[in-house]
Amino acid sequence: MSNALLVYPEHPPTYWGANFALEITGIKAAFPPLGLLTVAAMFPREYELRVVDMNVNPLEDADLEWADIVFTSTMIVQRVSLQAVVERCNRAGVPVVAGGPHPTTFHEEIEGVDHFVLDEVEETFPGFLADLESGSAKRIYREPRKPDVTRTPVPRFDLVDLKNYDTMGVQFSRGCPFDCEFCDITKLYGRVPRTKSPDQMVEEFEALYRLGWRGQVFIVDDNFIGNKRDAMNLLPVLADWQKTHGYPFTLSTEASVNLARMDELMEAMSEAGFDTVFVGIETPTPEALLKTRKPQNVNEREENFLLNAVRRIQRRGMQVQAGFILGLDDDGEDVFDAQIEFIQEAGIPAAAIYLLTALKGTDMYNRLKAENRLVEVPVGTSATTLNFRTQLDPKTLLAGYRRVTTTLYGPTLETYFERCLTLFEHLEPSPHVTRTRSRNAIYADVMALRRLLSDAQKPAFLEFIAKVAEHHPRMLPRAVYLAALGYHFEKIARQQVAIQDFKDFLAAELTRFEESATSRDRDERAIEDRRRASFGRIELRYRAIPDEFRYLGDGVEDALQCFRSALNERVGEQPVHPAAM
């Protein structure tokens, strides 16, 4: 029997990780590692399996001592943590296998991995295990075709402690019919959505239900309505299951904006218990949307199409969460105000704002490469790193990005709570997803959150809760949840600013040192004094970064090391004044 350790590396703090919001509940992570749990179900019974989700528990030396082999699955944002895991496995002499979206695209850049099982693995994984057992395993395994997901097994949810997670994940489909230029989904999963059967989905719901799960279930499809026919076939089955079991799950998913045109499907989603849908809006600028091949977000015959689309979804009882991108070609300097105004007017509390990254393998990456606009920098961890030359001046873009995020999630959270109230004015929630809670329970939640909020945030929070209690009393449980999410988003915005400010301070300090060196006597002692003073200022600024804002791969240590090297190099280059010789 072989001991297989399935390791899920750490996520850095992100909008959707809800890291800071989870502090309130004591829950450790937003989602379980669905990909690894699905792979776990593909192992033969003779394997002994153990899962370590490093977002919940650390990877211990004892885990590696127990393991005969380590399996990992990662997304790009887990790149730094994956490398640390691989290095530990190498030191411990434990073979490591890597798969998932990040290795599928970047395996040529990942060192120390013994075997890569790439793409979707339903058809290749059994053969890999057979080769492994016979001692003939190759280094790289690729899926020759897109596998039939009706053969995908029920994930091994039993291998993790569900109490550690805020939301469970299940998958209905893979692939998307749209081909947005910046997106790698179609490159990974194709443009013809493949779906599981309704019976499979019910089986996964049953598995979670038997394990005692009650609460949020996220259908993790990149576009739930990519195959509209199959989605329509599934929804009544889910609705029947939910009714039979007393609606134990509240459902959410991702979909393209054209969902707003599908009244029958939205009604079926409401009946099945959906209360939230994430859509990729990207930008309110039609020219930029068309440039990036996202025509589904443009309707020249309907003024304010995107705003109206959000309203139609909200009226069907589903909160709209959305992703927005800054840095698209054909977006002008007015895009920053346009993003803020659109998000506020639409009532989208949870709006994730990203600087555009040209992902390897996408059509955008290939276009920018042909235009000689790519910049070779690591991607996937720093929110403020650009890996291509943008049409907008980079300083203007970075300053605009900061203004958008710090306005939407300002230190008082006033604009955030304004969006929440706008949402409640337009949201018509289904009775299936409106959770009733006692006044005492709501009061306890409000007071717990109030203790966490800063003094600057408490007035807007209490005013928000009072208005919801007066005008939207059924929404009070959701209001508390949204307030916790706002607390998290504000911290994410502040964290990004703090880390980028430190890096900018290093650059400014180096410039300051160089300018002072050219304007004073260049004797050795004076240079050393200026060097020590510079390091002293850096040390104070470094210590001012809150510990909770630091994470593996945040780039701070790398930037600090580069600064030290550059400063010492400048000192070595300085000519010494004759009087000091």
# chains A, B, ... in the order shown; residues from 1 in each chain; ligands from 1
$ select_by_dssp --residues "stretch 195-247 of chain A" --states "alpha helix (DSSP H)" --output "MDAnalysis selection string"
chainID A and resid 198:210 228:244
$ residues_around --residues "stretch 494-501 of chain A" --least-positions-apart "5" --cutoff "7 Å" --atoms "only C-alpha atoms" --output "list in words"
Ala383, Ile545, Phe549 and Val556 of chain A
$ closest_residue --among "A:Leu452, A:Leu397, A:Val277, A:Val94" --to "A:Asp221" --atoms "only C-alpha atoms"
A:Val277
$ residues_around --residues "A:Met318" --least-positions-apart "6" --cutoff "8 Å" --atoms "only C-alpha atoms" --output "PyMOL selection string"
chain A and resi 270+274-277+427-429
$ atom_distance --atom1 "atom CA of A:Cys176" --atom2 "atom CA of A:Asn233"
17.8 Å
$ atom_distance --atom1 "atom CA of A:Tyr8" --atom2 "atom CA of A:Leu82"
8.3 Å
$ residues_around --residues "A:Lys187" --least-positions-apart "5" --cutoff "9 Å" --atoms "only C-alpha atoms" --output "MDAnalysis selection string"
chainID A and resid 175 361:362
$ select_by_dssp --residues "stretch 118-351 of chain A" --states "strand (DSSP E)" --output "short mmCIF file (atom, residue, chain, number, x, y, z; two decimals) with N, CA and C atoms, in the first residue's frame"
data_model
loop_
_atom_site.label_atom_id
_atom_site.label_comp_id
_atom_site.auth_asym_id
_atom_site.auth_seq_id
_atom_site.Cartn_x
_atom_site.Cartn_y
_atom_site.Cartn_z
N ILE A 140 6.19 13.86 -17.98
CA ILE A 140 5.04 14.68 -18.37
C ILE A 140 3.96 13.80 -18.98
N TYR A 141 2.74 14.01 -18.51
CA TYR A 141 1.56 13.36 -19.07
C TYR A 141 0.60 14.44 -19.54
N THR A 167 -17.65 27.83 2.25
CA THR A 167 -18.48 27.45 1.11
C THR A 167 -17.95 26.16 0.51
N MET A 168 -18.85 25.26 0.13
CA MET A 168 -18.45 24.06 -0.60
C MET A 168 -18.48 24.35 -2.11
N GLY A 169 -17.72 23.58 -2.86
CA GLY A 169 -17.69 23.74 -4.31
C GLY A 169 -18.06 22.45 -5.01
N VAL A 170 -18.83 22.56 -6.07
CA VAL A 170 -19.09 21.44 -6.97
C VAL A 170 -18.94 21.98 -8.40
N SER A 173 -19.94 22.03 -15.22
CA SER A 173 -19.47 22.06 -16.60
C SER A 173 -18.04 22.57 -16.69
N ARG A 174 -17.41 22.28 -17.82
CA ARG A 174 -16.09 22.83 -18.15
C ARG A 174 -16.15 23.39 -19.55
N ARG A 194 -18.69 21.03 -21.70
CA ARG A 194 -19.05 19.65 -21.38
C ARG A 194 -19.67 19.63 -20.00
N THR A 195 -20.77 18.89 -19.83
CA THR A 195 -21.52 18.95 -18.58
C THR A 195 -21.69 17.57 -17.96
N GLY A 215 -25.56 25.11 4.00
CA GLY A 215 -25.08 26.47 3.74
C GLY A 215 -24.76 26.70 2.29
N GLN A 216 -23.73 27.51 2.03
CA GLN A 216 -23.39 27.94 0.68
C GLN A 216 -22.73 26.82 -0.12
N VAL A 217 -23.18 26.64 -1.36
CA VAL A 217 -22.53 25.75 -2.32
C VAL A 217 -22.29 26.55 -3.59
N PHE A 218 -21.04 26.62 -3.99
CA PHE A 218 -20.64 27.39 -5.18
C PHE A 218 -20.45 26.42 -6.33
N ILE A 219 -21.23 26.59 -7.40
CA ILE A 219 -21.03 25.80 -8.62
C ILE A 219 -19.94 26.50 -9.41
N PHE A 249 -29.11 24.08 0.96
CA PHE A 249 -28.00 24.76 0.31
C PHE A 249 -28.48 26.07 -0.32
N THR A 250 -27.66 27.09 -0.20
CA THR A 250 -27.84 28.32 -0.96
C THR A 250 -26.79 28.33 -2.05
N LEU A 251 -27.21 28.51 -3.29
CA LEU A 251 -26.33 28.27 -4.43
C LEU A 251 -25.81 29.58 -5.03
N SER A 252 -24.62 29.52 -5.57
CA SER A 252 -24.03 30.64 -6.31
C SER A 252 -23.21 30.06 -7.45
N THR A 253 -22.89 30.91 -8.43
CA THR A 253 -22.11 30.44 -9.57
C THR A 253 -21.54 31.61 -10.34
N GLU A 254 -20.87 31.31 -11.46
CA GLU A 254 -20.36 32.30 -12.40
C GLU A 254 -21.10 32.15 -13.73
N PHE A 274 -30.54 29.65 -6.06
CA PHE A 274 -29.41 30.55 -6.32
C PHE A 274 -29.71 31.93 -5.75
N ASP A 275 -28.72 32.49 -5.05
CA ASP A 275 -28.89 33.87 -4.57
C ASP A 275 -27.78 34.80 -5.01
N THR A 276 -26.74 34.26 -5.70
CA THR A 276 -25.60 35.09 -6.11
C THR A 276 -25.05 34.58 -7.43
N VAL A 277 -24.67 35.51 -8.30
CA VAL A 277 -24.00 35.13 -9.53
C VAL A 277 -22.87 36.11 -9.78
N PHE A 278 -21.71 35.58 -10.13
CA PHE A 278 -20.55 36.41 -10.49
C PHE A 278 -20.52 36.55 -12.00
N VAL A 279 -20.37 37.79 -12.47
CA VAL A 279 -20.26 38.04 -13.91
C VAL A 279 -19.00 38.85 -14.19
N GLY A 280 -18.43 38.63 -15.36
CA GLY A 280 -17.26 39.41 -15.79
C GLY A 280 -17.71 40.62 -16.58
N ILE A 281 -17.78 41.77 -15.94
CA ILE A 281 -18.18 43.00 -16.63
C ILE A 281 -16.96 43.66 -17.28
N GLU A 282 -15.84 43.65 -16.61
CA GLU A 282 -14.53 44.11 -17.08
C GLU A 282 -14.43 45.63 -17.17
N GLN A 319 -27.96 38.43 -6.17
CA GLN A 319 -26.95 39.48 -6.04
C GLN A 319 -25.91 39.30 -7.13
N VAL A 320 -25.51 40.39 -7.74
CA VAL A 320 -24.46 40.36 -8.76
C VAL A 320 -23.13 40.71 -8.11
N GLN A 321 -22.19 39.79 -8.19
CA GLN A 321 -20.80 40.08 -7.92
C GLN A 321 -20.11 40.20 -9.28
N ALA A 322 -19.04 40.97 -9.35
CA ALA A 322 -18.48 41.21 -10.69
C ALA A 322 -16.98 41.44 -10.65
N GLY A 323 -16.35 41.10 -11.78
CA GLY A 323 -14.94 41.37 -11.98
C GLY A 323 -14.74 42.51 -12.95
N PHE A 324 -13.77 43.37 -12.65
CA PHE A 324 -13.46 44.53 -13.50
C PHE A 324 -11.96 44.56 -13.76
N ILE A 325 -11.59 45.02 -14.94
CA ILE A 325 -10.19 45.04 -15.35
C ILE A 325 -9.79 46.46 -15.74
N LEU A 326 -8.64 46.89 -15.28
CA LEU A 326 -8.04 48.15 -15.70
C LEU A 326 -6.75 47.84 -16.46
N ALA A 351 -17.12 43.97 -5.83
CA ALA A 351 -16.55 44.25 -7.15
C ALA A 351 -15.04 44.05 -7.05
#
$ closest_residue --among "A:Phe182, A:Phe342, A:Phe461, A:Phe20" --to "A:Asn366" --atoms "only C-alpha atoms"
A:Phe182
$ atom_distance --atom1 "atom CA of A:Gly553" --atom2 "atom CA of A:Pro378"
10.4 Å
$ decode --residues "stretch 412-449 of chain A" --atoms "N, CA and C atoms" --output "CSV table (one decimal), in the first residue's frame"
chain,number,residue,atom,x,y,z
A,412,THR,N,-13.6,54.4,5.5
A,412,THR,CA,-14.8,54.5,6.3
A,412,THR,C,-15.9,53.5,5.9
A,413,LEU,N,-15.7,52.9,4.7
A,413,LEU,CA,-16.6,52.0,4.0
A,413,LEU,C,-17.9,52.6,3.7
A,414,GLU,N,-18.0,54.0,3.6
A,414,GLU,CA,-19.2,54.6,3.3
A,414,GLU,C,-19.7,54.3,1.9
A,415,THR,N,-18.8,54.3,0.9
A,415,THR,CA,-19.2,54.0,-0.5
A,415,THR,C,-19.7,52.6,-0.6
A,416,TYR,N,-19.0,51.7,0.1
A,416,TYR,CA,-19.4,50.3,0.1
A,416,TYR,C,-20.8,50.1,0.6
A,417,PHE,N,-21.1,50.7,1.8
A,417,PHE,CA,-22.4,50.5,2.3
A,417,PHE,C,-23.5,51.2,1.5
A,418,GLU,N,-23.1,52.2,0.8
A,418,GLU,CA,-24.1,52.8,-0.2
A,418,GLU,C,-24.4,51.8,-1.3
A,419,ARG,N,-23.4,51.1,-1.8
A,419,ARG,CA,-23.7,50.1,-2.8
A,419,ARG,C,-24.6,48.9,-2.2
A,420,CYS,N,-24.4,48.6,-1.0
A,420,CYS,CA,-25.2,47.5,-0.4
A,420,CYS,C,-26.7,48.0,-0.3
A,421,LEU,N,-26.9,49.2,0.1
A,421,LEU,CA,-28.3,49.7,0.1
A,421,LEU,C,-28.9,49.8,-1.3
A,422,THR,N,-28.1,50.2,-2.3
A,422,THR,CA,-28.6,50.2,-3.6
A,422,THR,C,-29.0,48.8,-4.1
A,423,LEU,N,-28.2,47.8,-3.7
A,423,LEU,CA,-28.5,46.4,-4.0
A,423,LEU,C,-29.8,46.0,-3.4
A,424,PHE,N,-30.0,46.3,-2.2
A,424,PHE,CA,-31.3,45.9,-1.5
A,424,PHE,C,-32.5,46.6,-2.0
A,425,GLU,N,-32.3,47.8,-2.6
A,425,GLU,CA,-33.4,48.5,-3.2
A,425,GLU,C,-33.9,47.8,-4.5
A,426,HIS,N,-33.0,47.1,-5.1
A,426,HIS,CA,-33.4,46.4,-6.4
A,426,HIS,C,-33.5,44.9,-6.3
A,427,LEU,N,-33.0,44.3,-5.2
A,427,LEU,CA,-33.0,42.9,-5.1
A,427,LEU,C,-34.4,42.4,-4.7
A,428,GLU,N,-34.9,41.4,-5.4
A,428,GLU,CA,-36.2,40.8,-5.0
A,428,GLU,C,-35.9,39.3,-4.7
A,429,PRO,N,-35.5,39.0,-3.5
A,429,PRO,CA,-35.0,37.7,-3.1
A,429,PRO,C,-36.1,36.6,-3.1
A,430,SER,N,-35.7,35.5,-3.5
A,430,SER,CA,-36.6,34.3,-3.5
A,430,SER,C,-36.8,33.9,-2.1
A,431,PRO,N,-38.0,33.5,-1.7
A,431,PRO,CA,-38.2,33.0,-0.4
A,431,PRO,C,-37.4,31.8,0.0
A,432,HIS,N,-36.9,31.0,-1.1
A,432,HIS,CA,-36.2,29.8,-0.8
A,432,HIS,C,-34.8,30.1,-0.2
A,433,VAL,N,-34.3,31.3,-0.4
A,433,VAL,CA,-32.9,31.6,0.0
A,433,VAL,C,-32.9,32.7,1.1
A,434,THR,N,-34.0,33.2,1.5
A,434,THR,CA,-34.1,34.2,2.6
A,434,THR,C,-34.0,33.4,3.9
A,435,ARG,N,-32.9,33.5,4.6
A,435,ARG,CA,-32.7,32.8,5.8
A,435,ARG,C,-33.2,33.6,7.0
A,436,THR,N,-34.0,33.1,7.8
A,436,THR,CA,-34.5,33.8,9.0
A,436,THR,C,-33.6,33.5,10.2
A,437,ARG,N,-33.3,34.5,11.0
A,437,ARG,CA,-32.5,34.4,12.2
A,437,ARG,C,-33.1,35.1,13.3
A,438,SER,N,-32.9,34.7,14.5
A,438,SER,CA,-33.5,35.4,15.6
A,438,SER,C,-32.8,36.8,15.8
A,439,ARG,N,-33.6,37.7,16.5
A,439,ARG,CA,-33.0,39.0,16.7
A,439,ARG,C,-31.7,38.9,17.6
A,440,ASN,N,-31.7,38.0,18.5
A,440,ASN,CA,-30.6,37.8,19.4
A,440,ASN,C,-29.3,37.4,18.6
A,441,ALA,N,-29.5,36.5,17.6
A,441,ALA,CA,-28.4,36.0,16.8
A,441,ALA,C,-27.9,37.1,15.9
A,442,ILE,N,-28.8,37.9,15.3
A,442,ILE,CA,-28.4,39.0,14.5
A,442,ILE,C,-27.6,40.0,15.3
A,443,TYR,N,-28.2,40.3,16.5
A,443,TYR,CA,-27.5,41.3,17.4
A,443,TYR,C,-26.1,40.9,17.7
A,444,ALA,N,-26.0,39.6,18.0
A,444,ALA,CA,-24.7,39.1,18.4
A,444,ALA,C,-23.7,39.2,17.2
A,445,ASP,N,-24.1,39.0,16.0
A,445,ASP,CA,-23.3,39.1,14.8
A,445,ASP,C,-22.9,40.6,14.6
A,446,VAL,N,-23.9,41.5,14.8
A,446,VAL,CA,-23.6,42.9,14.6
A,446,VAL,C,-22.5,43.4,15.6
A,447,MET,N,-22.7,42.9,16.9
A,447,MET,CA,-21.7,43.4,17.9
A,447,MET,C,-20.4,42.8,17.7
A,448,ALA,N,-20.3,41.5,17.2
A,448,ALA,CA,-19.0,40.9,17.0
A,448,ALA,C,-18.3,41.6,15.9
A,449,LEU,N,-19.0,42.0,14.8
A,449,LEU,CA,-18.4,42.8,13.7
A,449,LEU,C,-18.0,44.2,14.1
